[in-house]
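Chemist: Pasting run-v3.txt below, which is compact mmCIF, C-alpha atoms and all ligand atoms.
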```
# COMPACT_ATOMS: atom_id res chain seq x y z
CA MET A 178 -33.13 5.53 19.38
CA PRO A 179 -36.05 5.40 16.96
CA LYS A 180 -38.77 2.82 17.53
CA LEU A 181 -37.67 -0.79 17.25
CA GLU A 182 -40.19 -1.40 14.47
CA LEU A 183 -38.58 1.33 12.33
CA LEU A 184 -35.10 -0.14 12.85
CA LYS A 185 -36.40 -3.59 11.90
CA LYS A 186 -37.75 -2.11 8.65
CA TYR A 187 -34.32 -0.61 7.99
CA ALA A 188 -32.58 -3.94 8.71
CA LYS A 189 -34.97 -5.79 6.38
CA LEU A 190 -34.35 -3.19 3.63
CA ILE A 191 -30.58 -3.60 4.05
CA VAL A 192 -30.78 -7.41 3.85
CA GLU A 193 -33.39 -7.75 1.08
CA VAL A 194 -32.72 -4.70 -1.15
CA GLY A 195 -29.13 -3.82 -0.18
CA ALA A 196 -27.37 -7.20 -0.19
CA ASN A 197 -30.37 -9.18 -1.48
CA VAL A 198 -29.27 -12.21 0.56
CA GLN A 199 -30.12 -15.44 -1.26
CA LYS A 200 -31.42 -18.65 0.29
CA ASP A 201 -28.58 -20.66 1.85
CA GLN A 202 -26.06 -17.91 1.15
CA LEU A 203 -23.30 -16.93 3.58
CA LEU A 204 -23.75 -13.37 4.90
CA VAL A 205 -20.89 -11.32 6.34
CA VAL A 206 -21.76 -8.28 8.47
CA ARG A 207 -19.02 -5.74 9.22
CA SER A 208 -19.91 -3.58 12.17
CA SER A 209 -18.39 -1.23 14.72
CA THR A 210 -19.02 -2.07 18.37
CA ASP A 211 -20.86 1.29 18.41
CA THR A 212 -23.54 -0.07 16.06
CA ASN A 213 -24.25 -3.42 17.68
CA GLU A 214 -28.03 -2.83 17.89
CA LEU A 215 -28.40 -2.50 14.13
CA ALA A 216 -25.91 -5.35 13.54
CA ARG A 217 -28.04 -7.70 15.69
CA LEU A 218 -31.20 -6.77 13.79
CA ILE A 219 -29.41 -7.36 10.48
CA VAL A 220 -28.29 -10.82 11.66
CA GLU A 221 -31.90 -11.65 12.50
CA ALA A 222 -33.17 -10.26 9.17
CA GLY A 223 -30.43 -12.25 7.40
CA TYR A 224 -31.66 -15.55 8.84
CA ASN A 225 -35.27 -14.54 8.07
CA ALA A 226 -34.21 -14.06 4.45
CA GLY A 227 -32.76 -17.61 4.39
CA ALA A 228 -29.05 -17.04 5.03
CA LYS A 229 -27.14 -20.27 5.70
CA ALA A 230 -24.86 -18.54 8.21
CA VAL A 231 -24.23 -14.95 9.28
CA LYS A 232 -20.70 -14.01 10.36
CA VAL A 233 -20.13 -10.68 12.10
CA GLN A 234 -16.74 -8.99 11.85
CA TRP A 235 -16.56 -6.53 14.76
CA ASN A 236 -14.24 -3.56 14.77
CA ASP A 237 -13.72 -0.91 17.40
CA PRO A 238 -12.53 2.52 16.26
CA TYR A 239 -11.07 3.33 19.69
CA VAL A 240 -9.00 0.14 19.72
CA SER A 241 -7.80 1.01 16.22
CA ARG A 242 -6.73 4.44 17.47
CA SER A 243 -4.80 2.87 20.36
CA ASN A 244 -3.13 0.52 17.88
CA PHE A 245 -1.96 3.46 15.78
CA ASP A 246 -0.40 5.05 18.86
CA GLY A 247 1.00 1.89 20.41
CA MET A 248 2.38 -0.01 17.41
CA SER A 249 5.47 0.76 15.37
CA ILE A 250 5.11 1.32 11.63
CA GLU A 251 6.64 -2.14 11.02
CA THR A 252 4.08 -3.84 13.27
CA LEU A 253 1.21 -1.89 11.73
CA GLU A 254 2.34 -3.14 8.32
CA GLU A 255 2.08 -6.79 9.41
CA VAL A 256 -1.23 -8.28 8.25
CA PRO A 257 -2.14 -11.35 10.36
CA PRO A 258 -2.44 -14.37 8.04
CA TRP A 259 -5.68 -15.56 9.68
CA THR A 260 -7.43 -12.35 8.63
CA ILE A 261 -6.39 -13.07 5.04
CA ASP A 262 -7.60 -16.69 5.39
CA GLU A 263 -10.93 -15.40 6.65
CA ALA A 264 -11.36 -13.11 3.62
CA LYS A 265 -10.38 -16.04 1.33
CA TYR A 266 -13.03 -18.19 3.01
CA PHE A 267 -15.69 -15.52 2.36
CA VAL A 268 -14.67 -15.27 -1.31
CA GLU A 269 -14.55 -19.06 -1.82
CA ASN A 270 -17.94 -19.53 -0.15
CA ASN A 271 -19.72 -16.79 -2.11
CA GLY A 272 -20.31 -14.63 0.95
CA CYS A 273 -22.24 -11.39 0.45
CA VAL A 274 -21.21 -8.46 2.61
CA ILE A 275 -23.09 -5.79 4.56
CA SER A 276 -20.83 -3.02 5.93
CA ILE A 277 -22.22 -0.64 8.55
CA THR A 278 -20.22 2.58 8.53
CA SER A 279 -20.14 4.71 11.66
CA PRO A 280 -17.10 6.97 11.56
CA VAL A 281 -15.96 8.77 14.71
CA PRO A 282 -14.99 12.25 13.49
CA GLY A 283 -11.62 13.52 14.66
CA LEU A 284 -10.72 10.25 16.40
CA ASN A 285 -7.48 9.86 14.47
CA LYS A 286 -6.41 13.46 14.98
CA GLY A 287 -2.75 13.62 15.85
CA VAL A 288 -1.86 10.14 14.56
CA ASP A 289 1.37 10.16 12.56
CA PRO A 290 0.12 10.40 8.93
CA THR A 291 2.96 8.13 7.75
CA LYS A 292 1.72 5.39 10.10
CA MET A 293 -1.81 5.66 8.75
CA GLN A 294 -0.62 5.72 5.17
CA ARG A 295 1.77 2.74 5.49
CA ALA A 296 -0.77 0.66 7.46
CA GLY A 297 -3.44 1.50 4.90
CA ILE A 298 -1.21 0.52 1.98
CA ALA A 299 -0.25 -2.79 3.67
CA GLN A 300 -3.95 -3.59 4.22
CA MET A 301 -4.88 -2.66 0.65
CA LYS A 302 -2.07 -4.84 -0.76
CA ALA A 303 -2.94 -7.86 1.40
CA PHE A 304 -6.67 -7.64 0.63
CA LYS A 305 -6.39 -6.71 -3.05
CA PHE A 306 -7.86 -10.11 -4.08
CA TYR A 307 -10.85 -9.41 -1.86
CA GLN A 308 -11.33 -5.84 -3.14
CA ASP A 309 -11.08 -7.06 -6.75
CA HIS A 310 -13.70 -9.72 -6.00
CA MET A 311 -16.16 -7.30 -4.37
CA MET A 312 -15.58 -4.32 -6.68
CA GLY A 313 -15.89 -6.66 -9.67
CA ASN A 314 -19.37 -7.48 -8.28
CA HIS A 315 -18.65 -11.21 -8.03
CA ALA A 316 -20.80 -11.24 -4.90
CA GLN A 317 -23.42 -8.80 -3.58
CA TRP A 318 -22.26 -6.10 -1.18
CA THR A 319 -23.82 -3.06 0.42
CA VAL A 320 -22.71 -0.13 2.58
CA VAL A 321 -25.15 1.42 5.07
CA ALA A 322 -24.78 3.67 8.09
CA ALA A 323 -25.73 3.94 11.76
CA PRO A 324 -24.95 6.74 14.23
CA ASN A 325 -22.55 6.86 17.13
CA ALA A 326 -22.65 9.58 19.80
CA VAL A 327 -19.53 11.46 18.67
CA TRP A 328 -20.61 11.52 15.04
CA ALA A 329 -24.14 12.63 16.02
CA GLN A 330 -22.83 15.52 18.11
CA LYS A 331 -20.52 16.60 15.31
CA VAL A 332 -23.56 16.82 13.00
CA PHE A 333 -25.85 18.37 15.64
CA PRO A 334 -23.52 20.26 18.01
CA GLU A 335 -26.42 22.21 19.55
CA LEU A 336 -28.19 19.05 20.84
CA GLU A 337 -27.66 16.89 23.92
CA GLU A 338 -26.03 13.53 23.19
CA ASN A 339 -29.24 11.44 23.20
CA GLU A 340 -31.16 13.98 21.14
CA ALA A 341 -28.30 14.25 18.66
CA VAL A 342 -28.22 10.46 18.19
CA GLU A 343 -31.99 10.42 17.68
CA ALA A 344 -31.76 13.30 15.17
CA LEU A 345 -28.99 11.57 13.21
CA TRP A 346 -30.99 8.32 13.18
CA ASN A 347 -33.96 10.24 11.76
CA ALA A 348 -31.80 11.89 9.09
CA ILE A 349 -30.28 8.52 8.09
CA LEU A 350 -33.67 6.80 7.93
CA ASP A 351 -35.19 9.70 5.92
CA ALA A 352 -32.29 9.68 3.47
CA SER A 353 -32.69 5.89 3.17
CA ARG A 354 -36.44 6.23 2.47
CA VAL A 355 -37.53 4.42 5.62
CA THR A 356 -40.55 6.02 7.31
CA GLU A 357 -43.19 4.91 9.84
CA SER A 358 -45.89 4.66 7.18
CA ASN A 359 -44.17 3.48 4.00
CA ASP A 360 -43.02 0.21 2.47
CA PRO A 361 -39.32 1.05 1.88
CA ILE A 362 -38.80 -2.02 -0.28
CA MET A 363 -41.46 -0.83 -2.75
CA GLU A 364 -40.14 2.71 -2.64
CA TRP A 365 -36.66 1.52 -3.54
CA GLU A 366 -38.06 -0.29 -6.59
CA GLU A 367 -39.46 3.05 -7.84
CA HIS A 368 -36.25 4.92 -7.00
CA ASN A 369 -34.11 2.35 -8.85
CA LYS A 370 -36.33 2.77 -11.92
CA ARG A 371 -35.74 6.57 -11.97
CA LEU A 372 -31.97 6.17 -11.70
CA LEU A 373 -32.07 3.56 -14.45
CA SER A 374 -33.79 5.92 -16.88
CA HIS A 375 -31.02 8.56 -16.48
CA ASN A 376 -28.43 5.83 -17.04
CA GLU A 377 -30.16 4.87 -20.28
CA ILE A 378 -30.32 8.45 -21.63
CA LEU A 379 -26.65 9.10 -20.83
CA ASN A 380 -25.54 5.74 -22.23
CA ASN A 381 -27.30 6.47 -25.52
CA TYR A 382 -25.44 9.78 -25.93
CA GLN A 383 -21.99 8.15 -25.38
CA PHE A 384 -20.42 11.58 -24.72
CA ASP A 385 -16.77 11.98 -25.61
CA THR A 386 -16.23 14.73 -22.99
CA LEU A 387 -18.11 16.47 -20.18
CA HIS A 388 -17.41 20.11 -19.34
CA PHE A 389 -18.19 21.28 -15.76
CA LYS A 390 -18.39 24.96 -14.92
CA ASN A 391 -19.65 26.99 -11.94
CA SER A 392 -19.06 30.24 -10.09
CA VAL A 393 -16.90 28.82 -7.26
CA GLY A 394 -14.09 28.22 -9.75
CA THR A 395 -14.61 24.79 -11.26
CA ASP A 396 -13.76 24.72 -14.97
CA LEU A 397 -13.01 21.11 -15.80
CA THR A 398 -13.14 18.93 -18.90
CA ILE A 399 -13.38 15.18 -18.44
CA LYS A 400 -12.93 12.73 -21.29
CA LEU A 401 -14.91 9.53 -20.79
CA VAL A 402 -13.52 6.13 -21.80
CA GLU A 403 -14.72 4.57 -25.04
CA ASN A 404 -17.83 2.37 -24.51
CA HIS A 405 -18.31 3.71 -21.00
CA ILE A 406 -21.36 2.62 -19.02
CA TRP A 407 -23.35 4.94 -16.76
CA ALA A 408 -24.46 3.06 -13.66
CA GLY A 409 -26.35 3.94 -10.52
CA GLY A 410 -29.02 2.45 -8.35
CA GLY A 411 -29.10 -1.33 -8.32
CA GLU A 412 -26.48 -3.55 -9.94
CA THR A 413 -26.37 -7.18 -10.98
CA SER A 414 -23.62 -9.43 -9.63
CA SER A 415 -21.66 -11.65 -12.01
CA LYS A 416 -23.82 -14.49 -10.61
CA GLY A 417 -26.98 -12.69 -11.68
CA VAL A 418 -28.23 -11.33 -8.33
CA TYR A 419 -29.65 -7.76 -8.29
CA PHE A 420 -28.45 -5.69 -5.31
CA ASN A 421 -27.92 -2.09 -4.11
CA PRO A 422 -24.27 -1.32 -3.21
CA ASN A 423 -25.20 1.82 -1.27
CA ILE A 424 -28.16 2.81 0.88
CA PRO A 425 -28.84 5.64 0.29
CA THR A 426 -27.79 6.36 -3.31
CA GLU A 427 -28.74 9.16 -5.69
CA GLU A 428 -25.93 9.00 -8.23
CA ASN A 429 -25.43 8.24 -11.91
CA PHE A 430 -21.72 7.58 -12.40
CA THR A 431 -19.23 6.46 -15.03
CA MET A 432 -15.52 6.10 -15.88
CA PRO A 433 -13.31 9.07 -16.78
CA HIS A 434 -10.32 8.45 -19.05
CA LYS A 435 -7.23 8.19 -16.86
CA PHE A 436 -5.29 10.62 -19.09
CA GLY A 437 -8.20 12.81 -20.25
CA VAL A 438 -8.89 15.26 -17.40
CA ASN A 439 -7.90 18.94 -17.75
CA GLY A 440 -8.62 22.07 -15.74
CA LYS A 441 -9.49 22.97 -12.19
CA VAL A 442 -12.02 21.56 -9.75
CA VAL A 443 -13.02 23.23 -6.48
CA ALA A 444 -14.56 21.01 -3.78
CA THR A 445 -17.81 22.23 -2.22
CA ILE A 446 -18.06 19.85 0.77
CA PRO A 447 -15.20 18.93 3.14
CA LEU A 448 -13.66 15.48 2.65
CA ASN A 449 -13.28 13.19 5.63
CA TYR A 450 -10.17 11.04 4.97
CA GLN A 451 -8.85 8.62 7.61
CA GLY A 452 -10.61 10.61 10.31
CA ASN A 453 -9.26 13.99 9.19
CA LEU A 454 -11.36 16.70 7.56
CA ILE A 455 -9.86 18.29 4.44
CA GLU A 456 -11.59 21.66 3.93
CA ASN A 457 -11.89 24.15 1.05
CA PHE A 458 -9.57 22.35 -1.32
CA TRP A 459 -8.96 22.41 -5.06
CA LEU A 460 -7.12 20.30 -7.60
CA GLU A 461 -5.62 21.21 -10.96
CA PHE A 462 -5.37 18.48 -13.62
CA LYS A 463 -3.26 18.16 -16.73
CA ASP A 464 -3.74 15.15 -19.03
CA GLY A 465 -5.47 13.31 -16.22
CA LYS A 466 -2.93 13.89 -13.48
CA VAL A 467 -3.14 16.24 -10.48
CA VAL A 468 -0.34 18.77 -11.09
CA ASP A 469 -1.24 21.29 -8.38
CA TYR A 470 -3.52 21.43 -5.33
CA GLY A 471 -4.31 23.36 -2.19
CA ALA A 472 -6.46 23.14 0.95
CA GLU A 473 -7.34 25.60 3.71
CA LYS A 474 -7.26 22.81 6.29
CA GLN A 475 -5.45 19.44 6.38
CA GLN A 476 -3.36 20.03 3.25
CA GLU A 477 -0.96 17.36 4.60
CA THR A 478 -3.80 14.82 4.64
CA LEU A 479 -4.69 15.74 1.06
CA LYS A 480 -1.03 15.25 0.14
CA SER A 481 -0.92 11.76 1.67
CA LEU A 482 -4.19 10.85 -0.09
CA LEU A 483 -2.65 11.89 -3.42
CA GLU A 484 0.55 9.96 -2.72
CA VAL A 485 -0.92 6.51 -1.95
CA ASP A 486 0.30 5.37 -5.38
CA GLU A 487 0.53 6.59 -9.00
CA GLY A 488 -3.20 6.07 -9.59
CA SER A 489 -4.28 8.18 -6.62
CA LYS A 490 -3.39 11.31 -8.60
CA HIS A 491 -5.87 10.34 -11.34
CA LEU A 492 -9.65 10.10 -11.43
CA GLY A 493 -11.55 6.81 -11.34
CA GLU A 494 -15.13 8.07 -11.17
CA VAL A 495 -17.38 10.95 -12.20
CA ALA A 496 -20.90 11.10 -10.73
CA LEU A 497 -23.87 13.34 -11.50
CA ILE A 498 -26.38 14.18 -8.77
CA SER A 499 -29.06 16.81 -8.82
CA TYR A 500 -28.33 19.63 -6.37
CA ASN A 501 -31.99 19.23 -5.48
CA SER A 502 -31.34 15.75 -3.97
CA PRO A 503 -33.24 14.66 -0.81
CA ILE A 504 -29.94 14.53 1.10
CA ASN A 505 -28.83 18.00 0.01
CA ASN A 506 -32.31 19.28 0.85
CA THR A 507 -31.88 18.21 4.49
CA GLY A 508 -29.15 20.90 4.59
CA ILE A 509 -27.16 18.60 6.87
CA LEU A 510 -23.43 18.03 6.45
CA PHE A 511 -23.13 14.40 7.55
CA TYR A 512 -19.31 14.26 7.65
CA ASN A 513 -19.72 10.87 5.97
CA THR A 514 -19.09 10.17 2.30
CA LEU A 515 -22.02 7.74 1.99
CA PHE A 516 -24.40 10.67 2.57
CA ASP A 517 -22.42 13.71 1.50
CA GLU A 518 -21.45 12.08 -1.81
CA ASN A 519 -25.14 11.67 -2.54
CA ALA A 520 -25.77 15.35 -1.86
CA SER A 521 -23.97 16.65 -4.93
CA CYS A 522 -21.91 15.88 -8.04
CA HIS A 523 -18.64 14.17 -7.16
CA LEU A 524 -15.37 12.79 -8.47
CA ALA A 525 -13.18 10.05 -7.04
CA LEU A 526 -9.41 9.99 -6.92
CA GLY A 527 -8.11 6.47 -7.37
CA ARG A 528 -9.47 3.15 -8.60
CA ALA A 529 -12.17 3.03 -11.27
CA TYR A 530 -15.06 0.54 -11.21
CA PRO A 531 -14.54 -2.10 -13.95
CA MET A 532 -18.32 -2.29 -14.49
CA ASN A 533 -18.26 1.30 -15.87
CA VAL A 534 -16.85 0.09 -19.19
CA GLU A 535 -18.26 -2.51 -21.56
CA GLY A 536 -16.79 -5.95 -20.76
CA GLY A 537 -14.82 -4.42 -17.87
CA THR A 538 -15.64 -7.00 -15.20
CA SER A 539 -14.00 -9.77 -17.26
CA MET A 540 -10.92 -7.70 -18.28
CA THR A 541 -7.45 -8.24 -16.82
CA PRO A 542 -5.81 -5.24 -15.07
CA GLU A 543 -3.67 -4.78 -18.21
CA GLN A 544 -6.74 -4.68 -20.46
CA LEU A 545 -8.43 -2.19 -18.12
CA GLU A 546 -5.30 -0.03 -18.15
CA ALA A 547 -5.33 -0.08 -21.95
CA VAL A 548 -8.88 1.35 -22.19
CA GLY A 549 -7.95 4.22 -19.84
CA SER A 550 -9.34 2.81 -16.60
CA ASN A 551 -7.46 4.13 -13.57
CA GLN A 552 -5.81 1.57 -11.27
CA SER A 553 -5.09 2.39 -7.64
CA MET A 554 -5.35 0.88 -4.19
CA GLY A 555 -7.42 3.83 -3.04
CA HIS A 556 -10.78 5.34 -4.01
CA SER A 557 -11.72 8.67 -2.40
CA ASP A 558 -14.87 10.53 -3.38
CA PHE A 559 -15.10 14.29 -3.04
CA MET A 560 -18.00 16.65 -3.76
CA PHE A 561 -17.92 19.58 -6.15
CA GLY A 562 -21.60 20.11 -7.06
CA SER A 563 -23.25 23.50 -6.61
CA ASN A 564 -26.60 25.15 -7.27
CA ASP A 565 -25.20 26.83 -10.38
CA MET A 566 -23.32 23.84 -11.83
CA GLN A 567 -23.54 23.65 -15.59
CA ILE A 568 -22.52 20.51 -17.48
CA GLU A 569 -22.21 20.31 -21.22
CA GLY A 570 -21.57 17.04 -23.03
CA THR A 571 -19.81 16.81 -26.39
CA GLN A 572 -20.42 13.83 -28.63
CA LYS A 573 -17.78 12.38 -30.97
CA ASP A 574 -19.14 14.31 -33.95
CA GLY A 575 -18.84 17.59 -32.03
CA THR A 576 -22.55 17.92 -31.13
CA LYS A 577 -22.97 19.68 -27.79
CA VAL A 578 -25.78 18.82 -25.38
CA LEU A 579 -26.62 20.63 -22.15
CA ILE A 580 -26.93 17.98 -19.40
CA PHE A 581 -27.11 20.14 -16.23
CA LYS A 582 -28.31 23.69 -15.77
CA ASP A 583 -28.42 25.41 -12.36
CA GLY A 584 -27.34 22.21 -10.63
CA ASP A 585 -30.00 19.94 -12.06
CA PHE A 586 -30.62 17.54 -14.98
CA VAL A 587 -32.16 19.06 -18.08
CA ILE A 588 -32.09 15.88 -20.18
ZN ZN B 1 -19.94 7.77 -6.53
ZN ZN B 2 -16.98 6.61 -5.44
```
Let's see the structure in the file written out as structure tokens.
Ligand code: ZN
Ligand code: ZN

Modeler:
Amino acid sequence: MPKLELLKKYAKLIVEVGANVQKDQLLVVRSSTDTNELARLIVEAGYNAGAKAVKVQWNDPYVSRSNFDGMSIETLEEVPPWTIDEAKYFVENNGCVISITSPVPGLNKGVDPTKMQRAGIAQMKAFKFYQDHMMGNHAQWTVVAAPNAVWAQKVFPELEENEAVEALWNAILDASRVTESNDPIMEWEEHNKRLLSHNEILNNYQFDTLHFKNSVGTDLTIKLVENHIWAGGGETSSKGVYFNPNIPTEENFTMPHKFGVNGKVVATIPLNYQGNLIENFWLEFKDGKVVDYGAEKQQETLKSLLEVDEGSKHLGEVALISYNSPINNTGILFYNTLFDENASCHLALGRAYPMNVEGGTSMTPEQLEAVGSNQSMGHSDFMFGSNDMQIEGTQKDGTKVLIFKDGDFVI
């Protein structure tokens, strides 16, 4: 474990810059039992920031695994009504949410994929109102990470358990811009400003299409929706509170047109989906839809990801990240999307973010559908950036602009 003072700095950053907890606001903390130390510090930081109440929702990945084994599909599909009431209470009382992710790699190996898929779909259906509320930014939310021993040893297999946990803590704190000597809150203000300036440049161009090409086999054209908005860094909730949905974050992202993606994309970092690692995979798109795909490992998992619903075969997000990002520079594969997605350019299969189109957060699902925004219960990011990625934008009048050369911004 790093020094307590360093962890307190991290907790304060999460509460004040991540969720930006307001005076007398309800704060919800979602934590694994593996990350109770950080959760306790966040609760304390939450009250220091003026929270009216802090509710912790504990989960235990090992209990979840036992449930998958021990329950029938029918039982797994039952969503207890009190858990829905709880989520309704959080929505009605303007709760902001801090989620600590701490995946246990390989834990769900061997679970019947149909069980995981059906349970996941039942959860997504039951909590759709909650997802719509949070993803529509009607309250502040943030996702952060903390290590567990299994995850740490997956990332640092050559180290003893304690050393591996310490090393993963250091990597997470570095990536989150928390050091012994700095003021992370001030540093995040600077970082947000840089991301904002790339958003502004890209928004002014209003590219019709982006063309991605590199030597590993990606040759993909993505049409962007009309009046798309590039976002990244901090966001403002519909109630006017500025917050950071992810710590760390390095991305500038926007909304692809649901029916406007053509060509092939080759992933460059494995994708961890429901505890399974999909490796060396590719997808072929025609008019926005995945028409062919392959993976060296866990092709079945990729198949079930694509078959969640109609929208899971279409893209909902395209994100640009310099290959020279601080996270990529660590050279560490974190086996965790929060970090790996900030290492390189990525796409997401599934639901689009309504805020990525003008007026999107106040549109009905039908209106969003009409502008080309993908609808799905899922949202899975995968990385395809490389050190030789080239991106060319084409404006409506046909003007071409080079955006990325050799994996980095040139605008
Ligand atoms: Zn993203
Ligand atoms: Zn995403």

Chemist: Of the candidates A:Phe384, A:Met560, A:Lys200, A:Ala496, which one gets nearest to Trp459 in chain A if we count all atoms listed in the file?

Modeler: A:Met560

Chemist: Using all atoms listed in the file, find each protein or nucleic acid residue lying at most 8 Å from ligand ZN 2 (chain B); present the set as a list in words.

Modeler: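 Written in the requested form, the residues are Glu494, Ala496, Glu518, His523, Leu524, Ala525, His556, Ser557 and Asp558 of chain A.
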
Chemist: Those selected residues, please, written with C-alpha atoms and delivered as a JSON list (two decimals), in the coordinates of the input.

Modeler:
```json
[["chain", "number", "residue", "atom", "x", "y", "z"],
["A", 494, "GLU", "CA", -15.13, 8.07, -11.17],
["A", 496, "ALA", "CA", -20.90, 11.10, -10.73],
["A", 518, "GLU", "CA", -21.45, 12.08, -1.81],
["A", 523, "HIS", "CA", -18.64, 14.17, -7.16],
["A", 524, "LEU", "CA", -15.37, 12.79, -8.47],
["A", 525, "ALA", "CA", -13.18, 10.05, -7.04],
["A", 556, "HIS", "CA", -10.78, 5.34, -4.01],
["A", 557, "SER", "CA", -11.72, 8.67, -2.40],
["A", 558, "ASP", "CA", -14.87, 10.53, -3.38]]
```

Chemist: Looking at only C-alpha atoms, which of A:Lys232, A:Lys474, A:His405, A:Arg242 is the one that sits closest to Gly537 in chain A?

Modeler: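 Result for the nearest residue to Gly537 in chain A: A:His405.
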
Chemist: Just want the 10 Å neighbourhood of range 369-371 of chain A, counted on only C-alpha atoms, with same-chain residues fewer than 6 positions away dropped. Output as a ChimeraX atom specification.

Modeler: /A:409-412,421,426-427

Chemist: Restricting the output to C-alpha atoms, write the selected residues as a short mmCIF file (atom, residue, chain, number, x, y, z; two decimals), in the frame of the given file.

Modeler:
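Saved result, out_16.cif, follows:
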```
data_model
loop_
_atom_site.label_atom_id
_atom_site.label_comp_id
_atom_site.auth_asym_id
_atom_site.auth_seq_id
_atom_site.Cartn_x
_atom_site.Cartn_y
_atom_site.Cartn_z
CA GLY A 409 -26.35 3.94 -10.52
CA GLY A 410 -29.02 2.45 -8.35
CA GLY A 411 -29.10 -1.33 -8.32
CA GLU A 412 -26.48 -3.55 -9.94
CA ASN A 421 -27.92 -2.09 -4.11
CA THR A 426 -27.79 6.36 -3.31
CA GLU A 427 -28.74 9.16 -5.69
#
```

Chemist: Neighbouring residues of Thr413 in chain A were defined as those with any atom within 12 Å, considering all atoms listed in the file; residues of the same chain fewer than 4 positions away were excluded. Please report them as a list in words.

Modeler: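 My reading of the contact set: Val194, Gly195, Ala196, Asn197, Met312, Gly313, Asn314, His315, Ala316, Gln317, Trp318, Ala408, Gly409, Gly417, Val418, Tyr419, Phe420, Asn421, Pro422, Met532 and Thr538 of chain A.
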
Chemist: One decimal, in Å: what's the spacing between CA of Tyr450 in chain A and CA of Lys466 in chain A?

Modeler: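 The value is 20.0 Å.
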
Chemist: Specify the axis-aligned box that encloses all atoms of range 429-441 of chain A listed in the file after padding of 3 Å on each side, stating its centre and edge lengths in Å to one decimal as lines of an AutoDock Vina configuration file.

Modeler:
```
center_x = -15.4
center_y = 14.5
center_z = -16.1
size_x = 26.1
size_y = 22.9
size_z = 14.3
```

Chemist: Just checking: using all atoms listed in the file, which residue out of A:Tyr187, A:Phe430, A:Tyr530, A:Tyr512 ends up closest to ligand ZN 1 (chain B)?

Modeler: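 Counting all atoms listed in the file, the residue closest to ligand ZN 1 (chain B) is A:Phe430.
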
Chemist: Show me the residues around (-20.9, -7.1, 6.1) - criterion: an atom at most 12 Å away, only C-alpha atoms counted - as a ChimeraX atom specification.

Modeler: /A:191-192,195-196,198,203-209,215-217,219-220,223,231-236,264,267,272-278,311,316-322,422

Chemist: Calculated over only C-alpha atoms and all ligand atoms, which of the candidates A:Thr571, A:Ser502, A:Asn429, A:Asn325 has the smallest distance to ligand ZN 1 (chain B)?

Modeler: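 Of A:Thr571, A:Ser502, A:Asn429, A:Asn325, the one nearest ligand ZN 1 (chain B), counting only C-alpha atoms and all ligand atoms, is A:Asn429.
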
Chemist: Compile the contact shell of Glu546 in chain A as an NGL selection string: residues with an atom at most 10 Å away, counting all atoms listed in the file, same-chain residues fewer than 6 positions apart removed.

Modeler: :A and (434-435 or 540 or 552)

Chemist: Using all atoms listed in the file, pick whichever of A:Ala222, A:Leu183, A:Ala348, A:Val587 has the shortest atom-to-atom distance to Asn505 in chain A.

Modeler: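 Among the listed residues, the smallest separation from Asn505 in chain A belongs to A:Ala348.
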
Chemist: Generate the coordinates of N, CA, C and O atoms for range 315-322 of chain A; report them as a PDB file, in the coordinates of the input.

Modeler:
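Ended up saving to out.pdb:
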```
ATOM      1  N   HIS A 315     -18.531  -9.758  -7.963  1.00  0.00           N
ATOM      2  CA  HIS A 315     -18.650 -11.210  -8.030  1.00  0.00           C
ATOM      3  C   HIS A 315     -19.514 -11.749  -6.900  1.00  0.00           C
ATOM      4  O   HIS A 315     -19.905 -12.917  -6.893  1.00  0.00           O
ATOM      5  N   ALA A 316     -19.802 -10.915  -5.926  1.00  0.00           N
ATOM      6  CA  ALA A 316     -20.800 -11.240  -4.900  1.00  0.00           C
ATOM      7  C   ALA A 316     -21.506  -9.937  -4.556  1.00  0.00           C
ATOM      8  O   ALA A 316     -20.979  -8.849  -4.816  1.00  0.00           O
ATOM      9  N   GLN A 317     -22.703 -10.017  -3.942  1.00  0.00           N
ATOM     10  CA  GLN A 317     -23.420  -8.800  -3.580  1.00  0.00           C
ATOM     11  C   GLN A 317     -22.761  -8.157  -2.358  1.00  0.00           C
ATOM     12  O   GLN A 317     -22.256  -8.846  -1.474  1.00  0.00           O
ATOM     13  N   TRP A 318     -22.784  -6.824  -2.327  1.00  0.00           N
ATOM     14  CA  TRP A 318     -22.260  -6.100  -1.180  1.00  0.00           C
ATOM     15  C   TRP A 318     -23.044  -4.806  -1.018  1.00  0.00           C
ATOM     16  O   TRP A 318     -23.592  -4.268  -1.978  1.00  0.00           O
ATOM     17  N   THR A 319     -23.114  -4.315   0.197  1.00  0.00           N
ATOM     18  CA  THR A 319     -23.820  -3.060   0.420  1.00  0.00           C
ATOM     19  C   THR A 319     -23.209  -2.310   1.606  1.00  0.00           C
ATOM     20  O   THR A 319     -22.705  -2.934   2.550  1.00  0.00           O
ATOM     21  N   VAL A 320     -23.219  -0.987   1.501  1.00  0.00           N
ATOM     22  CA  VAL A 320     -22.710  -0.130   2.580  1.00  0.00           C
ATOM     23  C   VAL A 320     -23.870   0.699   3.105  1.00  0.00           C
ATOM     24  O   VAL A 320     -24.573   1.345   2.329  1.00  0.00           O
ATOM     25  N   VAL A 321     -24.080   0.659   4.423  1.00  0.00           N
ATOM     26  CA  VAL A 321     -25.150   1.420   5.070  1.00  0.00           C
ATOM     27  C   VAL A 321     -24.546   2.134   6.279  1.00  0.00           C
ATOM     28  O   VAL A 321     -23.377   1.944   6.587  1.00  0.00           O
ATOM     29  N   ALA A 322     -25.343   2.932   6.957  1.00  0.00           N
ATOM     30  CA  ALA A 322     -24.780   3.670   8.090  1.00  0.00           C
ATOM     31  C   ALA A 322     -25.648   3.592   9.331  1.00  0.00           C
ATOM     32  O   ALA A 322     -26.845   3.306   9.255  1.00  0.00           O
TER      33      ALA A 322
END
```
